[in-house]
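Student: Mind having a look at this structure? Questions to follow.
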Amino acid sequence: MTDAVRDQYEDLPYPPRDPGDERHRLVTGSPGQIVEIDHYLYAGARDWAEPFRVLVAGGGTGDALIMMAQQLADRGCPADIHYLDLSAASRAIAEERARIRGLANITFHTGSLLEAGGYGAFDYIDCCGVLHHLADPSAGFRALAGALKPDGGIGLMVYGELGRTGVYHAQEMLRMIAGDGPNAERVGVARKLVESLPPTNWLKRNQAIGDYRREDAALFDMLLHSQDRAYRVPELAAELDQAGLHPVAFIEPALYDPDTFVRDPELRRRLASLSWLDRCAFAELLSGNLRKHTVYCVPAAQKADTVAKPTDEAAPVLKNIDGPALAGAIGPDGSIKVSGDGMEMGIRLPPMAPAILRQVDGKRRIGEIRAAVGAGEEDFRRQFAALYNALNGMNQMLLRYPG
Ligand SMILES: C[S@@+](CC[C@H](N)C(=O)[O-])C[C@H]1O[C@@H](n2cnc3c(N)ncnc32)[C@H](O)[C@@H]1O
């Protein structure tokens, strides 16, 4: 971490959080939700009564830290969670959030994630929005990979290049005129530049990017950061490879699947011959709006398939909505609306979707749901698969094998 980056996060901890808000809401996001970790890294079958060692690397003001600590405490998991960040100001906010929630499963450290190996081996490492700010990101990827247990897993988020179109143009302009005075002065210059952007400017045209219109810390993080790079899928895959990590899923999976957008049968046939990673790279070029890449990975030496499969014994778990409520949100044309990164899409669900969703409570297994719906086996399998692909594709439905 350069002095400029350290100074930024001491002066403007990011994201800005008021610890008092912990009294009335829990911030959730990916990576790091326990149901996702279970699904993607433990095939939906982790025993949460067993100890779980977690590192939150570059934990900042604590969003992923608090989410995981709370969700693990709610499961009664004997978790041992380590927060690591170079910014003392950010740590103070994260500590206060944990104190207000009464979370006793966290140990706080001030230091660099490049020293992650010094804190013992971890079952799970979370690193969201940090590696792209390192002077040598490859060293960061390697340091985290080296701190994983052999059967552990990691959830990462790094910036996506195409979805941030315009950000780097603005950064370049500000390097020319913002000077190196106090942060408040540079923020003032950046706000004036934002006001002066003509309609043709790429940042102005990028509807998916709006953080710089928010508070100073958000504007600084996006437009005045002294160390910030973004990745395309192949570059990220190369970083993971050199670190000995194997990607198992990008979030949301449907946004990395060209078939989400391409209907033409010939194009689909040609796309079918590509590898999974090439299809992901193609989808990124196709949509052009991925601002970040969230990816779950395991050590490359870990041969087992760690992603849960929708067999009869698996229970579908909905993340943000309950099954009957989602059934009620299906439109008359059989589709639901989803939006993200400046794009709104209708996702067509199979005719049996409402009946299936009314049975989804996070506990009932797929086989039990079939019996309750009373459908023929073949028909149910086809329609459940279509429903699962649609909802899992948008990271809404995951799987858990109840113990
Ligand atoms: C954009 S914030 C993200 C914080 C948090 N992960 C989140 O998603 O809300 C980046 C954080 O990474 C920290 N950081 C940057 N380089 C670091 C390093 N080498 N070791 C530990 N933390 C680092 C910064 O201090 C800052 O708190």
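If you're wondering about the labels, chains in the structure tokens are A, B, ... by order shown, residues count from 1 in each chain, ligands from 1 in order shown.
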Could you pull the residues within 8 Å of Tyr42 (chain A), counting only C-alpha atoms, minus those fewer than 3 positions along the same chain, as a list in words?
Tutor: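 Answer for this query is Ile37, Asp38, His39, Ala45, Arg46, Thr306, Val307 and Ala308 of chain A.
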Student: Since we have the selection now, will you write its residues out, keeping all heavy atoms, as a PDB file, in the first residue's frame?
Tutor:
```pdb
ATOM      1  N   ILE A  37     -21.336 -19.257   0.393  1.00  0.00           N
ATOM      2  CA  ILE A  37     -20.101 -19.987   0.723  1.00  0.00           C
ATOM      3  C   ILE A  37     -20.405 -21.481   0.777  1.00  0.00           C
ATOM      4  O   ILE A  37     -19.683 -22.315   0.222  1.00  0.00           O
ATOM      5  CB  ILE A  37     -19.538 -19.484   2.078  1.00  0.00           C
ATOM      6  CG1 ILE A  37     -19.058 -18.037   1.937  1.00  0.00           C
ATOM      7  CG2 ILE A  37     -18.403 -20.380   2.559  1.00  0.00           C
ATOM      8  CD1 ILE A  37     -18.649 -17.392   3.251  1.00  0.00           C
ATOM      9  N   ASP A  38     -21.512 -21.808   1.438  1.00  0.00           N
ATOM     10  CA  ASP A  38     -21.927 -23.206   1.558  1.00  0.00           C
ATOM     11  C   ASP A  38     -22.142 -23.810   0.166  1.00  0.00           C
ATOM     12  O   ASP A  38     -21.614 -24.880  -0.156  1.00  0.00           O
ATOM     13  CB  ASP A  38     -23.227 -23.240   2.375  1.00  0.00           C
ATOM     14  CG  ASP A  38     -23.508 -24.604   2.952  1.00  0.00           C
ATOM     15  OD1 ASP A  38     -22.620 -25.472   2.917  1.00  0.00           O
ATOM     16  OD2 ASP A  38     -24.643 -24.809   3.437  1.00  0.00           O
ATOM     17  N   HIS A  39     -22.917 -23.117  -0.673  1.00  0.00           N
ATOM     18  CA  HIS A  39     -23.284 -23.620  -2.003  1.00  0.00           C
ATOM     19  C   HIS A  39     -22.065 -23.774  -2.909  1.00  0.00           C
ATOM     20  O   HIS A  39     -21.898 -24.807  -3.563  1.00  0.00           O
ATOM     21  CB  HIS A  39     -24.299 -22.668  -2.643  1.00  0.00           C
ATOM     22  CG  HIS A  39     -24.714 -23.028  -4.032  1.00  0.00           C
ATOM     23  ND1 HIS A  39     -25.961 -23.544  -4.333  1.00  0.00           N
ATOM     24  CD2 HIS A  39     -24.056 -22.956  -5.216  1.00  0.00           C
ATOM     25  CE1 HIS A  39     -26.034 -23.775  -5.639  1.00  0.00           C
ATOM     26  NE2 HIS A  39     -24.904 -23.414  -6.198  1.00  0.00           N
ATOM     27  N   ALA A  45     -23.117 -28.570   1.795  1.00  0.00           N
ATOM     28  CA  ALA A  45     -23.188 -29.593   2.847  1.00  0.00           C
ATOM     29  C   ALA A  45     -22.267 -29.308   4.026  1.00  0.00           C
ATOM     30  O   ALA A  45     -21.962 -30.215   4.801  1.00  0.00           O
ATOM     31  CB  ALA A  45     -22.846 -30.952   2.231  1.00  0.00           C
ATOM     32  N   ARG A  46     -21.835 -28.054   4.223  1.00  0.00           N
ATOM     33  CA  ARG A  46     -20.931 -27.823   5.358  1.00  0.00           C
ATOM     34  C   ARG A  46     -21.679 -27.963   6.680  1.00  0.00           C
ATOM     35  O   ARG A  46     -22.829 -27.536   6.793  1.00  0.00           O
ATOM     36  CB  ARG A  46     -20.282 -26.435   5.287  1.00  0.00           C
ATOM     37  CG  ARG A  46     -19.178 -26.342   6.318  1.00  0.00           C
ATOM     38  CD  ARG A  46     -18.349 -25.108   6.228  1.00  0.00           C
ATOM     39  NE  ARG A  46     -17.069 -25.356   6.880  1.00  0.00           N
ATOM     40  CZ  ARG A  46     -16.907 -25.354   8.208  1.00  0.00           C
ATOM     41  NH1 ARG A  46     -17.907 -25.092   9.005  1.00  0.00           N
ATOM     42  NH2 ARG A  46     -15.716 -25.628   8.734  1.00  0.00           N
ATOM     43  N   THR A 306     -16.807 -28.498  -5.835  1.00  0.00           N
ATOM     44  CA  THR A 306     -17.298 -27.887  -4.596  1.00  0.00           C
ATOM     45  C   THR A 306     -18.646 -27.185  -4.764  1.00  0.00           C
ATOM     46  O   THR A 306     -19.151 -26.610  -3.811  1.00  0.00           O
ATOM     47  CB  THR A 306     -16.280 -26.848  -4.071  1.00  0.00           C
ATOM     48  OG1 THR A 306     -16.132 -25.823  -5.062  1.00  0.00           O
ATOM     49  CG2 THR A 306     -14.939 -27.486  -3.772  1.00  0.00           C
ATOM     50  N   VAL A 307     -19.216 -27.192  -5.968  1.00  0.00           N
ATOM     51  CA  VAL A 307     -20.475 -26.461  -6.191  1.00  0.00           C
ATOM     52  C   VAL A 307     -21.671 -27.419  -6.034  1.00  0.00           C
ATOM     53  O   VAL A 307     -21.681 -28.515  -6.593  1.00  0.00           O
ATOM     54  CB  VAL A 307     -20.488 -25.823  -7.601  1.00  0.00           C
ATOM     55  CG1 VAL A 307     -21.779 -25.041  -7.822  1.00  0.00           C
ATOM     56  CG2 VAL A 307     -19.276 -24.908  -7.776  1.00  0.00           C
ATOM     57  N   ALA A 308     -22.681 -26.977  -5.252  1.00  0.00           N
ATOM     58  CA  ALA A 308     -23.851 -27.818  -4.979  1.00  0.00           C
ATOM     59  C   ALA A 308     -24.639 -28.105  -6.264  1.00  0.00           C
ATOM     60  O   ALA A 308     -24.728 -27.257  -7.149  1.00  0.00           O
ATOM     61  CB  ALA A 308     -24.748 -27.125  -3.959  1.00  0.00           C
TER      62      ALA A 308
END
```
Student: Any idea what's packed within 12 Å of Glu22 (chain A), counting only C-alpha atoms, ignoring anything in its chain fewer than 4 positions away? Could you give it as a list in words?
Tutor: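 My list of contacting residues is Arg17, Asp18, Leu26, Val27, Thr28, Gly62, Asp63, Ile66, Met67, Gln70, Ile93, Ala94, Glu95, Glu96, Arg97, Ala98, Arg99, Ile100, Arg101, Gly102 and Leu103 of chain A.
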Student: May I have all residues of region 44-144 of chain A that DSSP, computed from the backbone, assigns to strand (DSSP E), given as a list of chain:residue names?
Tutor: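 Of region 44-144 of chain A, only A:Phe52, A:Arg53, A:Val54, A:Leu55, A:Val56, A:Ala57, A:Ala79, A:Asp80, A:Ile81, A:His82, A:Tyr83, A:Leu84, A:Asp85, A:Ile106, A:Thr107, A:Phe108, A:His109, A:Thr110, A:Phe122, A:Asp123, A:Tyr124, A:Ile125, A:Asp126, A:Cys127, A:Cys128 fall in strand (DSSP E).
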Student: Could you list, as a count of residues only, all the residues within 7 Å of ligand 1, counting only C-alpha atoms and all ligand atoms?
Tutor: 30
Student: Counting only C-alpha atoms, which residues of region 298-333 of chain A fall within 8 Å of region 354-370 of chain A, and what is the closest atom pair for each with its distance in Å at one decimal, ordered by chain and rising number, as CSV?
Tutor:
```
residue,atom,partner,partner_atom,distance
A:Pro310,CA,A:Ile366,CA,7.5
A:Thr311,CA,A:Ile366,CA,7.0
A:Asp312,CA,A:Gly367,CA,4.4
A:Glu313,CA,A:Arg365,CA,5.5
A:Ala314,CA,A:Arg365,CA,5.2
A:Ala315,CA,A:Arg365,CA,4.0
A:Pro316,CA,A:Gly362,CA,5.7
A:Val317,CA,A:Gly362,CA,4.3
A:Leu318,CA,A:Gly362,CA,6.7
A:Asp322,CA,A:Asp361,CA,6.9
A:Gly323,CA,A:Leu357,CA,4.6
A:Pro324,CA,A:Arg358,CA,4.4
A:Leu326,CA,A:Leu357,CA,7.0
A:Ala327,CA,A:Pro354,CA,4.5
A:Gly328,CA,A:Pro354,CA,7.5
A:Ile330,CA,A:Pro354,CA,7.6
```
Student: Return the single residue from A:Leu274, A:Arg269, A:Arg191, A:Tyr296 that is closest to Ala237 (chain A), with distances computed using only C-alpha atoms.
Tutor: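 The closest residue to Ala237 (chain A) is A:Tyr296.
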